[in-house]
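These notes are about the structure you will find just below.
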Amino acid sequence: MQNRYSPDTQSLSWQKDLASLIDHIRLRSFPKVLAEFLATQCRFDTVLMVTFKKSFKPIILHPTNPAEQSPTLHNYINKFFILDPLFNAIQDGLPSGVSRLAEISPDSFETTEYYQSCYKNFDLVDEINLVIELDKHVTCAISLGRKSSLGTITRAELHRLQDLYPVINSLVRQFWLSQSQEYVQYEKSDGAMKQALNTFGSGVLTRREQEISGLILQGHSSKAIASMLNISLGTVKVHRKNIHTRLNTSTQSEIFTLFLAHLNALEGAAAEAAIAQSH
């Protein structure tokens, strides 16, 4: 079976494809046509276009067809994105451009429970992200995923995406200027998400232990945490031991389970508050 997103490397008609893309710039079909255009330049198995705004839940630009949205994708959009390397890199000021997930992920990302229980279900061996700043609050991320049958992105494909990035950047920004109101009406409050990592372990962990537990959940090793917080490796290890003692856990998986329970509780409280306000 031919891959759905397979570029014809012999094709010289990319200019026509680009012209067609420009024709769709003020239409809701633009993201789908953009995915088709990118497929002429780089092979990929999956494509996801979302917008991130602070700690609001991401808004999906493509695919919008529910039939193309897996349960894993729904889990990512509704909860797990807060632990996602790309989301957190953007929050930390990742500059616009083309990058591979492997270049921006925490050093122990693949050992996290989030990776094992969510990301791994996508069965990807490589992910290429086009990050576009739409305004000072909103960022668009176009993620192209490659499974083992395709392997990692080739240097030629990466260079093509980098060469085309300025054009894609401009087109996506123009699309958002004309269509953003069609999407932001579905924007969901960032209340629970904003509080989740900041309040996890509140009343049990110290403020420093809360900070370190958040970094552990995101996939940073003890060595990386020590460097980020400018403290010794031994101090981090003491904090990790104290975190497990105070939370009555022994593994990262157990911490992750407690975090999800905390997140669900916050979301439930936010939903109850919204219902109370509507009456």
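Identifiers in this document derive from the order of the structure tokens: chains are assigned A, B, ..., residues are numbered from 1 separately in each chain, and ligands are numbered from 1 in order of occurrence.
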
Q: Please provide as a list in words all residues within 10 Å of Ile225 of chain A, with the sequence filter that same-chain residues fewer than 4 positions apart are discarded (counting only C-alpha atoms).
A: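 The residues satisfying every condition are Pro106, Glu211, Ile212, Leu215, Ile216, Gly219, His220, Ser221, Leu229, Asn230, Ile231, Ser232, Leu233, Val236 and Lys237 of chain A.
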
Could those selected residues go to a file with N, CA and C atoms, as a CSV table (one decimal), in the first residue's frame?
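Output (again37.csv):
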```csv
chain,number,residue,atom,x,y,z
A,106,PRO,N,13.6,16.6,26.6
A,106,PRO,CA,14.5,16.4,27.8
A,106,PRO,C,15.3,15.1,27.6
A,211,GLU,N,8.8,21.8,42.2
A,211,GLU,CA,9.5,22.1,40.9
A,211,GLU,C,10.2,21.0,40.3
A,212,ILE,N,10.9,20.2,41.2
A,212,ILE,CA,11.7,19.0,40.7
A,212,ILE,C,10.7,17.9,40.2
A,215,LEU,N,9.7,18.7,36.7
A,215,LEU,CA,10.8,18.4,35.8
A,215,LEU,C,11.0,16.9,35.5
A,216,ILE,N,10.8,16.1,36.6
A,216,ILE,CA,10.9,14.7,36.5
A,216,ILE,C,9.8,14.2,35.5
A,219,GLY,N,10.5,14.6,31.9
A,219,GLY,CA,11.5,13.8,31.4
A,219,GLY,C,12.9,14.2,31.5
A,220,HIS,N,13.2,15.1,32.5
A,220,HIS,CA,14.6,15.6,32.7
A,220,HIS,C,15.3,14.6,33.7
A,221,SER,N,16.5,14.3,33.4
A,221,SER,CA,17.3,13.4,34.3
A,221,SER,C,17.7,14.2,35.5
A,229,LEU,N,18.7,23.9,37.6
A,229,LEU,CA,18.4,24.7,38.8
A,229,LEU,C,19.7,25.2,39.5
A,230,ASN,N,20.9,24.8,38.9
A,230,ASN,CA,22.2,25.3,39.4
A,230,ASN,C,22.4,24.8,40.9
A,231,ILE,N,22.1,23.5,41.0
A,231,ILE,CA,22.3,22.8,42.3
A,231,ILE,C,23.1,21.5,42.0
A,232,SER,N,23.6,20.9,43.1
A,232,SER,CA,24.5,19.7,42.9
A,232,SER,C,23.6,18.5,42.6
A,233,LEU,N,24.2,17.5,41.9
A,233,LEU,CA,23.6,16.3,41.6
A,233,LEU,C,23.1,15.6,42.9
A,236,VAL,N,19.9,17.0,44.2
A,236,VAL,CA,18.7,16.6,43.4
A,236,VAL,C,18.3,15.2,43.8
A,237,LYS,N,19.3,14.3,44.0
A,237,LYS,CA,19.0,12.9,44.5
A,237,LYS,C,18.3,12.9,45.8
```

Q: Using backbone DSSP assignments, extract all helix (DSSP H, G or I) residues from segment 71-221 of chain A; output them as a PyMOL selection string.
A: chain A and resi 71-78+80-83+85-91+101-104+109-111+113-117+119-122+155-184+191-199+207-218

For the residues in the current selection, export C-alpha atoms as a PDB file, in the first residue's frame.
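Saved file again-v9.pdb follows:
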```pdb
ATOM      1  CA  PRO A  71      -8.074   8.108  21.340  1.00  0.00           C
ATOM      2  CA  THR A  72      -4.375   8.769  21.938  1.00  0.00           C
ATOM      3  CA  LEU A  73      -4.670  12.123  20.197  1.00  0.00           C
ATOM      4  CA  HIS A  74      -7.669  13.024  22.356  1.00  0.00           C
ATOM      5  CA  ASN A  75      -5.693  12.130  25.484  1.00  0.00           C
ATOM      6  CA  TYR A  76      -2.854  14.344  24.282  1.00  0.00           C
ATOM      7  CA  ILE A  77      -5.114  17.325  23.547  1.00  0.00           C
ATOM      8  CA  ASN A  78      -7.115  17.051  26.758  1.00  0.00           C
ATOM      9  CA  PHE A  80      -0.989  14.995  28.304  1.00  0.00           C
ATOM     10  CA  PHE A  81       0.090  18.020  26.258  1.00  0.00           C
ATOM     11  CA  ILE A  82       1.161  19.711  29.486  1.00  0.00           C
ATOM     12  CA  LEU A  83       4.039  17.188  29.689  1.00  0.00           C
ATOM     13  CA  PRO A  85       8.409  18.381  25.031  1.00  0.00           C
ATOM     14  CA  LEU A  86       7.253  20.578  22.147  1.00  0.00           C
ATOM     15  CA  PHE A  87       4.616  22.365  24.251  1.00  0.00           C
ATOM     16  CA  ASN A  88       7.119  23.008  27.024  1.00  0.00           C
ATOM     17  CA  ALA A  89       9.858  24.090  24.610  1.00  0.00           C
ATOM     18  CA  ILE A  90       7.458  26.661  23.143  1.00  0.00           C
ATOM     19  CA  GLN A  91       6.553  27.854  26.649  1.00  0.00           C
ATOM     20  CA  LEU A 101      11.606  16.432  18.462  1.00  0.00           C
ATOM     21  CA  ALA A 102      14.833  14.637  19.388  1.00  0.00           C
ATOM     22  CA  GLU A 103      16.622  18.008  19.439  1.00  0.00           C
ATOM     23  CA  ILE A 104      14.268  19.634  21.960  1.00  0.00           C
ATOM     24  CA  PHE A 109      12.049  11.779  27.806  1.00  0.00           C
ATOM     25  CA  GLU A 110      11.764   8.198  26.542  1.00  0.00           C
ATOM     26  CA  THR A 111      11.869   6.858  30.118  1.00  0.00           C
ATOM     27  CA  GLU A 113       5.501   7.351  31.927  1.00  0.00           C
ATOM     28  CA  TYR A 114       4.013   9.989  29.598  1.00  0.00           C
ATOM     29  CA  TYR A 115       6.159   8.688  26.730  1.00  0.00           C
ATOM     30  CA  GLN A 116       5.311   5.066  27.531  1.00  0.00           C
ATOM     31  CA  SER A 117       1.568   5.574  28.012  1.00  0.00           C
ATOM     32  CA  TYR A 119       3.544   9.180  22.927  1.00  0.00           C
ATOM     33  CA  LYS A 120       4.705   5.626  22.304  1.00  0.00           C
ATOM     34  CA  ASN A 121       1.196   4.743  21.099  1.00  0.00           C
ATOM     35  CA  PHE A 122       1.789   6.936  18.057  1.00  0.00           C
ATOM     36  CA  ARG A 155      19.033  15.487   5.263  1.00  0.00           C
ATOM     37  CA  ALA A 156      17.631  16.416   1.837  1.00  0.00           C
ATOM     38  CA  GLU A 157      14.055  16.431   3.139  1.00  0.00           C
ATOM     39  CA  LEU A 158      15.020  18.492   6.173  1.00  0.00           C
ATOM     40  CA  HIS A 159      16.772  21.025   3.949  1.00  0.00           C
ATOM     41  CA  ARG A 160      13.698  21.279   1.704  1.00  0.00           C
ATOM     42  CA  LEU A 161      11.502  22.047   4.695  1.00  0.00           C
ATOM     43  CA  GLN A 162      13.987  24.620   5.967  1.00  0.00           C
ATOM     44  CA  ASP A 163      14.137  26.291   2.542  1.00  0.00           C
ATOM     45  CA  LEU A 164      10.336  26.417   2.319  1.00  0.00           C
ATOM     46  CA  TYR A 165       9.806  27.475   5.929  1.00  0.00           C
ATOM     47  CA  PRO A 166       9.702  31.271   5.295  1.00  0.00           C
ATOM     48  CA  VAL A 167       6.916  30.758   2.723  1.00  0.00           C
ATOM     49  CA  ILE A 168       4.975  28.349   4.973  1.00  0.00           C
ATOM     50  CA  ASN A 169       5.422  30.737   7.883  1.00  0.00           C
ATOM     51  CA  SER A 170       3.916  33.650   5.958  1.00  0.00           C
ATOM     52  CA  LEU A 171       1.021  31.636   4.533  1.00  0.00           C
ATOM     53  CA  VAL A 172       0.025  30.162   7.906  1.00  0.00           C
ATOM     54  CA  ARG A 173       0.142  33.600   9.532  1.00  0.00           C
ATOM     55  CA  GLN A 174      -2.121  35.020   6.814  1.00  0.00           C
ATOM     56  CA  PHE A 175      -4.512  32.081   7.195  1.00  0.00           C
ATOM     57  CA  TRP A 176      -4.714  32.702  10.954  1.00  0.00           C
ATOM     58  CA  LEU A 177      -5.425  36.395  10.447  1.00  0.00           C
ATOM     59  CA  SER A 178      -8.487  35.549   8.359  1.00  0.00           C
ATOM     60  CA  GLN A 179      -9.699  32.398  10.138  1.00  0.00           C
ATOM     61  CA  SER A 180      -8.675  32.592  13.805  1.00  0.00           C
ATOM     62  CA  GLN A 181     -12.172  33.497  15.024  1.00  0.00           C
ATOM     63  CA  GLU A 182     -13.467  30.229  13.583  1.00  0.00           C
ATOM     64  CA  TYR A 183     -11.169  28.348  15.963  1.00  0.00           C
ATOM     65  CA  VAL A 184     -10.820  30.405  19.140  1.00  0.00           C
ATOM     66  CA  GLY A 191      -7.388  27.119  34.602  1.00  0.00           C
ATOM     67  CA  ALA A 192      -6.788  23.486  35.496  1.00  0.00           C
ATOM     68  CA  MET A 193      -3.806  23.080  33.192  1.00  0.00           C
ATOM     69  CA  LYS A 194      -2.128  26.207  34.484  1.00  0.00           C
ATOM     70  CA  GLN A 195      -2.412  24.983  38.047  1.00  0.00           C
ATOM     71  CA  ALA A 196      -1.614  21.325  37.472  1.00  0.00           C
ATOM     72  CA  LEU A 197       2.179  21.281  37.666  1.00  0.00           C
ATOM     73  CA  ASN A 198       2.362  24.308  39.974  1.00  0.00           C
ATOM     74  CA  THR A 199       0.114  22.779  42.632  1.00  0.00           C
ATOM     75  CA  ARG A 207       8.163  24.339  46.707  1.00  0.00           C
ATOM     76  CA  ARG A 208      11.541  23.059  45.450  1.00  0.00           C
ATOM     77  CA  GLU A 209      10.299  19.463  45.500  1.00  0.00           C
ATOM     78  CA  GLN A 210       7.214  20.512  43.515  1.00  0.00           C
ATOM     79  CA  GLU A 211       9.494  22.146  40.950  1.00  0.00           C
ATOM     80  CA  ILE A 212      11.665  19.044  40.690  1.00  0.00           C
ATOM     81  CA  SER A 213       8.691  16.668  40.475  1.00  0.00           C
ATOM     82  CA  GLY A 214       7.419  18.692  37.503  1.00  0.00           C
ATOM     83  CA  LEU A 215      10.776  18.405  35.752  1.00  0.00           C
ATOM     84  CA  ILE A 216      10.856  14.663  36.464  1.00  0.00           C
ATOM     85  CA  LEU A 217       7.405  14.240  34.901  1.00  0.00           C
ATOM     86  CA  GLN A 218       8.569  16.136  31.804  1.00  0.00           C
TER      87      GLN A 218
END
```

Q. Which is closest to Ala224 of chain A among A:Ser148, A:Ala141, A:Asp107, A:Leu266, if we use only C-alpha atoms?
A.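 Once distances to Ala224 of chain A are computed over only C-alpha atoms, the minimum belongs to A:Asp107.
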
Q.
So that I can see what lies close to segment 46-50 of chain A, please list as a PyMOL selection string the residues with an atom at most 10 Å from it, counting only C-alpha atoms and leaving out residues fewer than 6 positions away in the same chain.
A. chain A and resi 4-5+31-32+34-36+38-39+57-64+69+73+77+122+124+127-131+139-147

Q: Figure out the distance between atom CA of Phe37 of chain A and atom CA of Trp14 of chain A, please, to one decimal in Å.
A: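 Pair atom CA of Trp14 of chain A / atom CA of Phe37 of chain A returns 7.8 Å.
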